[in-house]
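Colleague: Contents are compact mmCIF, C-alpha atoms; file name my_file13.txt:
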# COMPACT_ATOMS: atom_id res chain seq x y z
CA MET A 1 58.16 8.79 -29.99
CA ILE A 2 58.34 9.67 -26.29
CA ILE A 3 56.30 12.82 -26.94
CA ARG A 4 53.63 10.79 -28.73
CA LYS A 5 53.41 8.33 -25.83
CA ARG A 6 53.08 11.22 -23.38
CA LEU A 7 50.35 12.81 -25.50
CA ALA A 8 48.49 9.49 -25.69
CA ALA A 9 48.82 8.99 -21.94
CA GLY A 10 47.56 12.54 -21.33
CA ALA A 11 44.59 11.97 -23.63
CA CYS A 12 43.70 8.75 -21.79
CA ALA A 13 43.97 10.52 -18.45
CA LEU A 14 41.72 13.34 -19.71
CA LEU A 15 39.10 10.86 -20.96
CA ALA A 16 39.23 8.98 -17.65
CA ALA A 17 38.76 12.24 -15.75
CA LEU A 18 35.84 13.22 -17.95
CA ALA A 19 34.28 9.77 -17.52
CA GLY A 20 34.80 10.00 -13.76
CA GLY A 21 33.12 13.40 -13.74
CA ILE A 22 30.17 12.20 -15.79
CA ALA A 23 29.55 8.93 -13.93
CA PRO A 24 28.67 10.49 -10.60
CA ALA A 25 26.24 12.85 -12.30
CA ASN A 26 24.48 9.94 -13.99
CA ALA A 27 24.47 7.99 -10.75
CA ALA A 28 22.89 10.95 -9.01
CA ASP A 29 20.06 11.12 -11.54
CA GLY A 30 16.70 10.02 -10.21
CA PRO A 31 15.37 9.85 -6.67
CA PRO A 32 17.50 8.39 -3.84
CA LYS A 33 16.76 5.00 -2.27
CA ASP A 34 14.92 6.45 0.72
CA SER A 35 12.56 8.49 -1.48
CA PRO A 36 8.78 7.81 -1.55
CA LYS A 37 7.47 4.91 -3.64
CA VAL A 38 4.08 4.71 -5.34
CA GLU A 39 2.64 1.87 -7.41
CA LEU A 40 -0.44 2.44 -9.55
CA VAL A 41 -2.54 -0.73 -9.79
CA LEU A 42 -4.87 -0.58 -12.79
CA ASP A 43 -7.85 -2.82 -13.46
CA VAL A 44 -7.71 -3.97 -17.10
CA SER A 45 -10.54 -6.50 -16.82
CA GLY A 46 -13.17 -6.89 -19.51
CA SER A 47 -15.63 -4.53 -17.77
CA MET A 48 -13.27 -1.62 -18.47
CA ARG A 49 -14.72 -1.60 -22.01
CA ALA A 50 -17.90 0.05 -20.67
CA GLN A 51 -18.48 3.48 -22.21
CA ASP A 52 -19.84 5.56 -19.36
CA VAL A 53 -17.07 8.03 -18.45
CA ASP A 54 -17.37 11.74 -19.24
CA GLY A 55 -21.09 11.42 -19.74
CA GLY A 56 -20.77 8.32 -21.91
CA SER A 57 -18.37 9.83 -24.43
CA ARG A 58 -15.48 7.46 -23.72
CA THR A 59 -14.69 4.04 -22.28
CA ARG A 60 -13.30 3.51 -18.80
CA MET A 61 -10.09 2.16 -20.31
CA ALA A 62 -9.58 5.20 -22.54
CA ALA A 63 -10.12 7.51 -19.58
CA ALA A 64 -7.63 5.54 -17.48
CA LYS A 65 -4.98 5.65 -20.22
CA GLN A 66 -5.30 9.41 -20.64
CA ALA A 67 -5.19 9.93 -16.88
CA PHE A 68 -2.08 7.74 -16.59
CA ASN A 69 -0.30 9.70 -19.33
CA GLU A 70 -1.01 12.96 -17.52
CA VAL A 71 0.11 11.49 -14.20
CA ILE A 72 3.34 10.15 -15.70
CA ASP A 73 4.15 13.64 -17.01
CA ALA A 74 3.53 15.15 -13.56
CA VAL A 75 5.40 12.68 -11.31
CA PRO A 76 7.59 14.66 -8.85
CA ALA A 77 11.34 14.20 -9.25
CA ASP A 78 11.68 12.69 -5.76
CA VAL A 79 9.04 9.97 -6.21
CA ARG A 80 9.71 6.46 -7.50
CA LEU A 81 6.74 5.22 -9.55
CA GLY A 82 5.66 1.76 -10.67
CA ILE A 83 2.64 0.35 -12.53
CA ARG A 84 0.94 -3.03 -12.05
CA THR A 85 -2.05 -4.40 -13.92
CA LEU A 86 -4.75 -6.93 -13.06
CA GLY A 87 -6.84 -8.78 -15.60
CA ALA A 88 -4.72 -7.61 -18.54
CA ASN A 89 -3.52 -10.90 -20.06
CA TYR A 90 -5.88 -13.86 -19.61
CA ALA A 91 -9.23 -13.76 -21.43
CA GLY A 92 -10.32 -17.36 -20.82
CA ASP A 93 -12.88 -18.97 -18.51
CA ASP A 94 -10.47 -20.81 -16.22
CA LYS A 95 -11.00 -19.03 -12.89
CA GLU A 96 -7.79 -20.35 -11.38
CA LEU A 97 -5.72 -18.79 -14.17
CA GLY A 98 -7.81 -15.62 -14.33
CA CYS A 99 -7.42 -15.03 -10.61
CA ARG A 100 -3.61 -15.04 -10.92
CA ASP A 101 -3.60 -12.56 -13.80
CA SER A 102 -1.61 -9.69 -12.33
CA LYS A 103 1.70 -8.43 -13.64
CA GLN A 104 4.07 -5.54 -13.00
CA LEU A 105 3.96 -3.37 -16.11
CA TYR A 106 6.59 -0.82 -15.09
CA ARG A 107 9.15 -1.39 -12.35
CA VAL A 108 9.14 0.93 -9.32
CA GLY A 109 11.88 3.50 -9.79
CA PRO A 110 12.80 6.70 -11.63
CA VAL A 111 10.27 7.41 -14.37
CA ASP A 112 11.23 7.07 -18.03
CA ARG A 113 8.16 8.85 -19.38
CA THR A 114 8.40 7.46 -22.91
CA GLU A 115 8.79 3.88 -21.73
CA ALA A 116 6.00 4.15 -19.17
CA LYS A 117 3.55 5.71 -21.63
CA THR A 118 4.35 3.11 -24.27
CA ALA A 119 3.64 0.31 -21.80
CA VAL A 120 0.28 1.83 -20.84
CA ALA A 121 -0.70 2.39 -24.50
CA THR A 122 -0.59 -1.36 -25.22
CA LEU A 123 -3.23 -2.26 -22.60
CA GLN A 124 -6.58 -3.65 -23.68
CA PRO A 125 -9.50 -4.72 -21.44
CA THR A 126 -9.21 -8.49 -21.13
CA GLY A 127 -10.05 -10.69 -18.17
CA TRP A 128 -10.83 -11.13 -14.48
CA THR A 129 -10.53 -8.80 -11.46
CA PRO A 130 -8.10 -10.40 -8.92
CA ILE A 131 -7.75 -7.38 -6.62
CA GLY A 132 -6.50 -9.26 -3.55
CA TYR A 133 -3.84 -11.10 -5.55
CA ALA A 134 -2.72 -7.84 -7.21
CA LEU A 135 -2.40 -6.03 -3.87
CA ARG A 136 -0.03 -8.71 -2.56
CA GLY A 137 2.03 -8.38 -5.73
CA ALA A 138 2.13 -4.57 -5.43
CA ASP A 139 3.33 -4.85 -1.82
CA GLN A 140 6.25 -7.00 -3.00
CA ASP A 141 6.97 -4.58 -5.87
CA LEU A 142 7.41 -1.68 -3.44
CA GLY A 143 9.98 -3.52 -1.33
CA THR A 144 11.15 -2.40 2.10
CA ASP A 145 14.32 -0.44 1.33
CA GLY A 146 13.12 2.79 2.94
CA GLY A 147 10.80 5.63 1.94
CA THR A 148 7.04 5.87 2.28
CA ARG A 149 5.02 3.18 0.49
CA ARG A 150 1.71 3.85 -1.25
CA ILE A 151 -0.54 1.85 -3.58
CA VAL A 152 -3.19 3.59 -5.68
CA LEU A 153 -5.80 1.09 -6.90
CA ILE A 154 -7.99 2.09 -9.86
CA THR A 155 -10.84 -0.31 -10.63
CA ASP A 156 -14.39 -0.31 -11.95
CA GLY A 157 -15.72 -3.16 -9.85
CA GLU A 158 -15.30 -5.48 -6.92
CA ASP A 159 -12.96 -8.46 -6.83
CA SER A 160 -14.32 -11.28 -9.03
CA CYS A 161 -12.21 -14.04 -7.48
CA GLY A 162 -13.20 -14.10 -3.82
CA GLN A 163 -9.93 -15.60 -2.62
CA PRO A 164 -7.89 -13.98 -1.30
CA ASP A 165 -10.45 -11.49 -0.02
CA PRO A 166 -9.13 -7.95 -0.76
CA CYS A 167 -10.15 -6.61 2.68
CA ASP A 168 -8.34 -9.46 4.41
CA VAL A 169 -5.28 -8.84 2.25
CA ALA A 170 -5.30 -5.13 3.14
CA ARG A 171 -5.46 -5.96 6.86
CA GLU A 172 -2.72 -8.55 6.39
CA LEU A 173 -0.44 -6.01 4.70
CA ALA A 174 -1.19 -3.39 7.37
CA ALA A 175 -0.36 -5.89 10.12
CA LYS A 176 3.11 -6.48 8.63
CA GLY A 177 4.18 -3.10 10.01
CA THR A 178 5.75 -1.85 6.77
CA HIS A 179 3.60 1.30 6.85
CA LEU A 180 1.80 0.73 3.58
CA THR A 181 -1.08 3.02 2.56
CA ILE A 182 -3.63 1.93 -0.04
CA ASP A 183 -5.85 4.51 -1.73
CA THR A 184 -8.72 3.30 -3.90
CA LEU A 185 -10.50 4.95 -6.82
CA GLY A 186 -13.76 3.50 -8.12
CA LEU A 187 -14.99 4.02 -11.68
CA ALA A 188 -18.35 2.46 -10.80
CA GLN A 189 -20.87 3.58 -8.19
CA ASP A 190 -22.56 0.36 -7.08
CA ASP A 191 -22.81 -0.34 -3.35
CA LYS A 192 -20.75 -3.56 -3.35
CA THR A 193 -17.80 -1.91 -5.08
CA ARG A 194 -17.99 1.11 -2.80
CA GLU A 195 -18.11 -1.09 0.31
CA GLN A 196 -15.14 -3.22 -0.74
CA LEU A 197 -12.92 -0.35 -1.85
CA SER A 198 -13.74 1.59 1.32
CA CYS A 199 -12.79 -1.44 3.41
CA ILE A 200 -9.43 -1.78 1.61
CA ALA A 201 -8.59 1.88 2.11
CA GLU A 202 -9.70 2.05 5.75
CA ALA A 203 -7.58 -0.99 6.69
CA THR A 204 -4.39 0.90 5.82
CA GLY A 205 -5.36 4.48 6.60
CA GLY A 206 -5.95 5.33 2.95
CA THR A 207 -8.81 7.06 1.16
CA TYR A 208 -11.61 5.98 -1.17
CA SER A 209 -13.02 8.13 -3.99
CA THR A 210 -15.57 7.61 -6.75
CA VAL A 211 -14.66 9.22 -10.08
CA ARG A 212 -16.78 9.64 -13.21
CA HIS A 213 -14.70 11.99 -15.36
CA THR A 214 -11.25 11.72 -16.90
CA LYS A 215 -10.13 15.07 -15.50
CA GLU A 216 -11.31 14.06 -12.05
CA LEU A 217 -9.46 10.72 -12.26
CA SER A 218 -6.23 12.37 -13.42
CA GLY A 219 -6.40 15.07 -10.76
CA ARG A 220 -7.06 12.60 -7.95
CA ILE A 221 -4.16 10.29 -8.91
CA LYS A 222 -1.80 13.28 -9.18
CA GLN A 223 -2.91 14.42 -5.73
CA LEU A 224 -2.22 11.01 -4.21
CA VAL A 225 1.20 10.74 -5.88
CA ARG A 226 2.13 14.21 -4.58
CA ARG A 227 0.87 13.23 -1.13
CA ALA A 228 3.43 10.42 -1.09
CA GLU A 229 6.14 13.04 -1.50
CA THR A 230 5.06 14.90 1.65
CA PRO A 231 7.31 13.84 4.52
CA VAL A 232 5.43 12.22 7.39
CA GLU A 233 6.54 10.66 10.63
CA THR A 234 6.38 6.90 10.32
CA PRO A 235 4.99 5.15 13.41
CA LYS A 236 7.34 2.66 15.04
CA PRO A 237 5.97 -0.84 15.60
CA VAL A 238 5.60 -2.02 19.20
CA LYS A 239 3.88 -5.00 20.80
CA GLY A 240 2.09 -4.23 24.06
CA ALA A 241 1.96 -6.77 26.89
CA ASP A 242 -0.91 -8.11 28.98
CA ALA A 243 0.50 -6.68 32.21
CA CYS A 244 2.41 -3.59 33.31
CA SER A 245 5.35 -5.66 34.57
CA LYS A 246 5.86 -7.19 31.10
CA ALA A 247 5.17 -4.03 29.10
CA PRO A 248 7.71 -2.69 26.58
CA GLU A 249 9.28 0.69 27.29
CA ILE A 250 8.38 3.43 24.81
CA GLY A 251 9.36 7.09 24.59
CA ALA A 252 8.19 10.20 22.81
CA GLY A 253 7.02 9.56 19.24
CA LEU A 254 4.41 7.68 17.22
CA TRP A 255 3.87 3.97 17.89
CA THR A 256 1.69 1.41 16.15
CA ASP A 257 0.27 -1.88 17.42
CA ARG A 258 -2.64 -4.29 16.86
CA GLU A 259 -5.26 -5.09 19.50
CA THR A 260 -7.89 -7.81 19.32
CA PHE A 261 -11.47 -7.15 20.37
CA SER A 262 -11.83 -6.20 24.07
CA GLU A 263 -8.10 -6.74 24.69
CA HIS A 264 -6.00 -4.78 27.20
CA ARG A 265 -2.50 -3.70 26.13
CA TRP A 266 0.18 -2.22 28.42
CA TYR A 267 3.16 0.04 27.69
CA ARG A 268 5.70 1.76 29.97
CA VAL A 269 6.95 5.37 29.78
CA ASN A 270 9.63 6.95 31.99
CA VAL A 271 8.64 10.47 33.06
CA LYS A 272 11.34 12.70 34.56
CA PRO A 273 10.68 15.20 37.36
CA GLY A 274 9.27 18.41 35.89
CA GLN A 275 7.87 16.66 32.80
CA GLU A 276 4.30 16.17 31.66
CA LEU A 277 3.27 13.02 29.83
CA ARG A 278 0.80 13.60 27.02
CA THR A 279 -0.66 10.57 25.30
CA SER A 280 -3.34 10.07 22.67
CA VAL A 281 -4.60 6.71 21.43
CA SER A 282 -6.51 6.05 18.20
CA ILE A 283 -8.08 2.71 17.28
CA GLY A 284 -9.29 2.15 13.73
CA ALA A 285 -12.40 0.12 12.90
CA ASP A 286 -11.06 -1.45 9.71
CA ARG A 287 -13.89 -4.00 9.48
CA ALA A 288 -17.58 -4.30 10.32
CA VAL A 289 -18.22 -3.69 14.04
CA ASP A 290 -21.28 -3.51 16.26
CA ARG A 291 -22.78 -0.07 16.79
CA ASP A 292 -21.69 0.51 20.44
CA TYR A 293 -17.97 0.90 21.13
CA GLY A 294 -15.44 2.75 23.26
CA VAL A 295 -11.74 3.26 23.95
CA LEU A 296 -10.00 3.75 27.30
CA VAL A 297 -6.45 4.85 28.08
CA ARG A 298 -5.19 4.92 31.68
CA ALA A 299 -1.95 6.08 33.29
CA VAL A 300 -1.14 3.82 36.24
CA SER A 301 1.77 3.75 38.68
CA GLU A 302 3.92 0.61 38.99
CA GLY A 303 2.10 -0.08 42.25
CA GLY A 304 -1.26 -0.19 40.47
CA GLN A 305 -2.58 3.25 41.49
CA GLU A 306 -4.54 4.97 38.75
CA LEU A 307 -3.08 8.40 38.05
CA VAL A 308 -5.39 9.70 35.33
CA ARG A 309 -7.56 8.30 32.55
CA GLY A 310 -9.15 9.29 29.27
CA ALA A 311 -12.16 7.62 27.65
CA GLU A 312 -14.35 8.04 24.60
CA SER A 313 -17.37 6.11 23.35
CA GLY A 314 -19.81 6.21 20.50
CA SER A 315 -22.63 4.48 18.68
CA GLY A 316 -22.98 3.94 14.95
CA ARG A 317 -20.47 3.56 12.13
CA THR A 318 -17.00 4.99 12.71
CA ASP A 319 -13.61 4.75 11.04
CA VAL A 320 -11.54 5.69 14.09
CA ILE A 321 -12.09 6.57 17.75
CA SER A 322 -9.56 8.42 19.89
CA SER A 323 -8.91 9.40 23.48
CA GLY A 324 -6.03 10.92 25.43
CA LEU A 325 -4.68 12.04 28.78
CA ARG A 326 -2.14 14.34 30.46
CA TYR A 327 -0.08 13.44 33.52
CA PRO A 328 2.38 16.01 34.98
CA TYR A 329 5.13 14.72 37.31
CA GLY A 330 6.07 17.72 39.44
CA GLN A 331 6.08 21.34 38.35
CA ALA A 332 8.40 22.82 35.76
CA GLY A 333 9.70 25.28 38.36
CA ASP A 334 10.58 22.39 40.68
CA LYS A 335 12.74 20.59 38.11
CA ASP A 336 16.10 21.77 39.48
CA LYS A 337 15.02 21.20 43.08
CA ALA A 338 13.86 17.69 42.20
CA LYS A 339 17.27 16.94 40.70
CA GLU A 340 19.00 18.25 43.83
CA ASP A 341 16.78 16.03 45.99
CA GLY A 342 17.75 13.05 43.90
CA LYS A 343 14.20 12.42 42.70
CA GLU A 344 14.22 9.60 40.15
CA PRO A 345 12.17 9.40 36.94
CA ARG A 346 8.79 7.77 37.45
CA THR A 347 7.67 4.78 35.42
CA VAL A 348 4.12 5.28 34.21
CA CYS A 349 2.22 2.31 32.84
CA LEU A 350 -0.21 3.06 30.02
CA GLU A 351 -3.17 0.73 29.59
CA VAL A 352 -5.03 0.81 26.28
CA SER A 353 -8.29 -1.09 25.90
CA SER A 354 -11.36 -0.96 23.71
CA SER A 355 -14.92 -2.26 23.83
CA PHE A 356 -15.36 -3.05 20.16
CA SER A 357 -17.38 -6.11 19.25
CA ALA A 358 -18.27 -7.53 15.87
CA PRO A 359 -21.01 -9.58 14.22
CA ALA A 360 -20.51 -13.31 13.75
CA GLY A 361 -18.36 -14.11 10.75
CA VAL A 362 -16.09 -11.07 11.08
CA LYS A 363 -12.44 -12.07 11.43
CA ARG A 364 -10.68 -11.19 14.67
CA ASP A 365 -7.14 -11.67 13.39
CA PRO A 366 -5.21 -9.49 12.87
CA GLY A 367 -6.45 -7.17 15.60
CA LEU A 368 -7.64 -3.60 15.17
CA PRO A 369 -4.91 -1.04 14.33
CA VAL A 370 -3.79 1.04 17.32
CA GLU A 371 -1.70 4.22 17.10
CA LEU A 372 -0.18 5.86 20.18
CA ALA A 373 1.20 9.40 20.15
CA VAL A 374 3.47 10.00 23.16
CA ASP A 375 4.98 13.36 24.06
CA LEU A 376 7.02 14.50 27.07
CA VAL A 377 7.01 18.27 27.68
CA ASP A 378 7.78 20.62 30.56
CA ALA A 379 5.15 20.32 33.28
CA PRO A 380 3.01 23.43 33.88
CA ASP A 381 3.92 25.86 36.66
CA ASP A 382 0.29 26.12 37.76
CA PRO A 383 -0.28 23.62 40.60
CA SER A 384 -3.97 23.37 39.65
CA ASP A 385 -2.88 21.61 36.49
CA LEU A 386 -1.30 18.75 38.40
CA ALA A 387 -2.90 15.39 39.01
CA ALA A 388 -4.05 15.12 42.61
CA PHE A 389 -4.24 11.75 44.37
CA GLY A 390 -4.71 9.98 41.08
CA LEU A 391 -7.88 11.85 40.07
CA GLY A 392 -6.33 14.70 38.08
CA ARG A 393 -8.77 17.59 37.83
CA GLY A 394 -11.56 15.36 39.08
CA TRP A 395 -11.00 16.74 42.58
CA VAL A 396 -12.00 20.20 41.38
CA LEU A 397 -15.26 18.87 39.96
CA LEU A 398 -15.84 16.84 43.12
CA ALA A 399 -15.31 19.90 45.33
CA VAL A 400 -17.66 22.00 43.18
CA LEU A 401 -20.36 19.31 43.32
CA ALA A 402 -19.97 18.92 47.10
CA LEU A 403 -20.16 22.66 47.68
CA THR A 404 -23.16 22.99 45.38
CA GLY A 405 -24.91 20.14 47.19
CA LEU A 406 -24.19 21.69 50.58
CA ILE A 407 -25.53 25.11 49.58
CA ALA A 408 -28.59 23.55 47.93
CA GLY A 409 -29.26 21.51 51.07
CA LEU A 410 -28.98 24.54 53.35
CA VAL A 411 -31.24 26.62 51.14
CA TRP A 412 -33.82 23.87 50.87
CA GLY A 413 -33.72 23.30 54.64
CA TRP A 414 -34.19 27.00 55.34
CA VAL A 415 -37.08 27.27 52.86
CA SER A 416 -38.74 24.16 54.31
CA ARG A 417 -38.38 25.47 57.86
CA TRP A 418 -39.75 28.86 56.87
CA ARG A 419 -42.75 27.26 55.16
CA VAL A 420 -43.49 25.12 58.23
CA THR A 421 -43.25 28.16 60.48
CA VAL A 422 -45.63 30.14 58.26
CA TRP A 423 -48.04 27.19 58.14
CA ARG A 424 -48.13 26.91 61.92
CA ALA A 425 -48.62 30.68 62.30
CA ASN A 426 -51.63 30.57 60.01
Translate this structure into structure tokens?

Modeller:
Amino acid sequence: MIIRKRLAAGACALLAALAGGIAPANAADGPPKDSPKVELVLDVSGSMRAQDVDGGSRTRMAAAKQAFNEVIDAVPADVRLGIRTLGANYAGDDKELGCRDSKQLYRVGPVDRTEAKTAVATLQPTGWTPIGYALRGADQDLGTDGGTRRIVLITDGEDSCGQPDPCDVARELAAKGTHLTIDTLGLAQDDKTREQLSCIAEATGGTYSTVRHTKELSGRIKQLVRRAETPVETPKPVKGADACSKAPEIGAGLWTDRETFSEHRWYRVNVKPGQELRTSVSIGADRAVDRDYGVLVRAVSEGGQELVRGAESGSGRTDVISSGLRYPYGQAGDKDKAKEDGKEPRTVCLEVSSSFSAPAGVKRDPGLPVELAVDLVDAPDDPSDLAAFGLGRGWVLLAVLALTGLIAGLVWGWVSRWRVTVWRAN
């Protein structure tokens, strides 16, 4: 009897050990919580019945289904995928109901290929095209639990609801600072659709593409899903001040902010002796702007003295405009000597401003997206590379111009005197 009890206890212990060994393996299946997340947002409105893909041999919906099946098979192991639809359920004429017709078809997470394909197979072109409403839903689906966040919107037309405006929604989502990227794929080639989808993509740093073939659609979606897997440095949100004395302190890295039209934003960076501050600033035109524009970044001392500046301007349509500067604080070779002399780090104030303007009717809020790249490296050993009296290398150009002017003046004076002498002699 005792032996039987011992055997039973041993068997239970063995089963528990096996279960304990299996559970962690199952728990480890699928991507971790900080892995990239992608949600495919598919237009299933009535216009997807149109038969004009692959030279007219198949409908837009059939092409989208085949492309989705191929994408589902090719999802990388480290990517969490979800699917949301718009216009898939309500076929009536009530605009209020039709413009809320967006539903998550497959929850963002590890991909069960059979389940995902089965869900896609049931879709039939049905109703309206509430793109703005669907984008807000997709943003909520992705959550904020870590990992890069990307939405891929596939549609054959512009939003048919008007409110909320998809471009405004994209800017709103970008302004939240959750680092969301929206890529758009258009199955139609009309100007209004192209303009709207381009606006949505540009607002979040995404891309817009027009596709007319199933293979092209499948390949582009796969490319975007794989791109989500590529590790990128996520910019850290920061809010610049209206004066140097109130500015937030930032260090090396990527920073993101929003700046209204013609606004000045200030940030502070501590530069140690023997370091060189390198800064680049990019401002995105994520909405319609007037044709003349510019961006200025200045490095200023706490006392208000300009140390160095960088500026760029342009005319015409642009997606982004950038400028940058370099400010060395002492030479690399003087670093140890500076420490011995007790030289303290220097606070450099960075001023970022732009001269964008916009036509009447264009929304000013939220402001234009600003990205700052800040790096602190060893200062160069060459003294000629140092900023001099706040003008940087401008002194070299000034000296060259002065010398050139002096020589030109002397030559012209000598020639004039010689000509007068010759004239008098004759």

Colleague: Considering all atoms listed in the file, return as a compact mmCIF listing (two decimals) with C-alpha atoms, in the frame of the given file whatever protein or nucleic-acid residues lie within 10 Å of Gly137 of chain A, sequence-local ones (same chain, fewer than 3 positions apart) excluded.

Modeller:
# COMPACT_ATOMS: atom_id res chain seq x y z
CA VAL A 41 -2.54 -0.73 -9.79
CA ARG A 84 0.94 -3.03 -12.05
CA THR A 85 -2.05 -4.40 -13.92
CA SER A 102 -1.61 -9.69 -12.33
CA LYS A 103 1.70 -8.43 -13.64
CA GLN A 104 4.07 -5.54 -13.00
CA ILE A 131 -7.75 -7.38 -6.62
CA GLY A 132 -6.50 -9.26 -3.55
CA TYR A 133 -3.84 -11.10 -5.55
CA ALA A 134 -2.72 -7.84 -7.21
CA GLN A 140 6.25 -7.00 -3.00
CA ASP A 141 6.97 -4.58 -5.87
CA LEU A 142 7.41 -1.68 -3.44

Colleague: For the atom pair atom CA of Gly314 of chain A and atom CA of Gly284 of chain A, what is the interatomic distance in Å to one decimal place?

Modeller: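 Taking atom CA of Gly314 of chain A as the start and atom CA of Gly284 of chain A as the end point, the length is 13.2 Å.
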
Colleague: Applying 12 Å and all atoms listed in the file, which residues near Glu216 of chain A remain after dropping the ones on its own chain fewer than 3 positions away? List them as a ChimeraX atom specification.

Modeller: /A:53-54,63-64,66-67,70-71,185-187,209-213,219-223

Colleague: For a test of reading the model, state the distance in Å between atom CA of Thr148 of chain A and atom CA of Thr230 of chain A, rounded to one decimal.

Modeller: 9.3 Å

Colleague: List as a PyMOL selection string: which residues have an atom within 12 Å of (-9.1, 5.0, 13.4), counting only C-alpha atoms?

Modeller: chain A and resi 201-206+256+258+281-287+294-295+317-323+368-372

Colleague: Rank nothing, just name the residue among A:Val152, A:Leu277, A:Ala247, A:Val111 nearest to Leu135 of chain A, using only C-alpha atoms.

Modeller: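 Result for the nearest residue to Leu135 of chain A: A:Val152.
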
Colleague: Hey, can you check how far atom CA of Gly274 of chain A sits from atom CA of Pro380 of chain A?

Modeller: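 Atom-to-atom, atom CA of Gly274 of chain A to atom CA of Pro380 of chain A, that is 8.3 Å.
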
Colleague: Taking all atoms listed in the file into account, which of A:Leu224, A:Thr234, A:Thr178, A:Asp375 comes nearest Gln275 of chain A?

Modeller: A:Asp375

Colleague: A:Val238, A:Ile154, A:Leu81, A:Ala138: which is nearest Arg113 of chain A, counting only C-alpha atoms?

Modeller: A:Leu81

Colleague: Using all atoms listed in the file, pick whichever of A:Gly253, A:Gly87, A:Gly143, A:Gly405 has the shortest atom-to-atom distance to Gln124 of chain A.

Modeller: A:Gly87

Colleague: Counting all atoms listed in the file, figure out which residue out of A:Ala252, A:Ala228, A:Val352, A:Cys161 gets nearest to Asp78 of chain A.

Modeller: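 Closest residue, counting all atoms listed in the file: A:Ala228.
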
Colleague: For each of A:Ala373, A:Arg346, A:His179, A:Ser353, take the minimum atom-to-atom distance to Asp242 of chain A, counting only C-alpha atoms, then give the residue where this is smallest.

Modeller: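 The shortest atom-to-atom distance to Asp242 of chain A comes from A:Ser353.
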
Colleague: Would you kindly return, as a PyMOL selection string, each protein, DNA or RNA residue with an atom no farther than 8 Å from any atom of Thr260 of chain A, considering only C-alpha atoms and excluding same-chain residues fewer than 3 positions away?

Modeller: chain A and resi 263+364-368

Colleague: If we count all atoms listed in the file and set the cut-off at 7 Å, which residues sit around Lys192 of chain A, ignoring sequence neighbours fewer than 3 positions away in its own chain? Please answer as a list in words.

Modeller: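 Listing them by chain and then by number gives Glu158, Glu195 and Gln196 of chain A.
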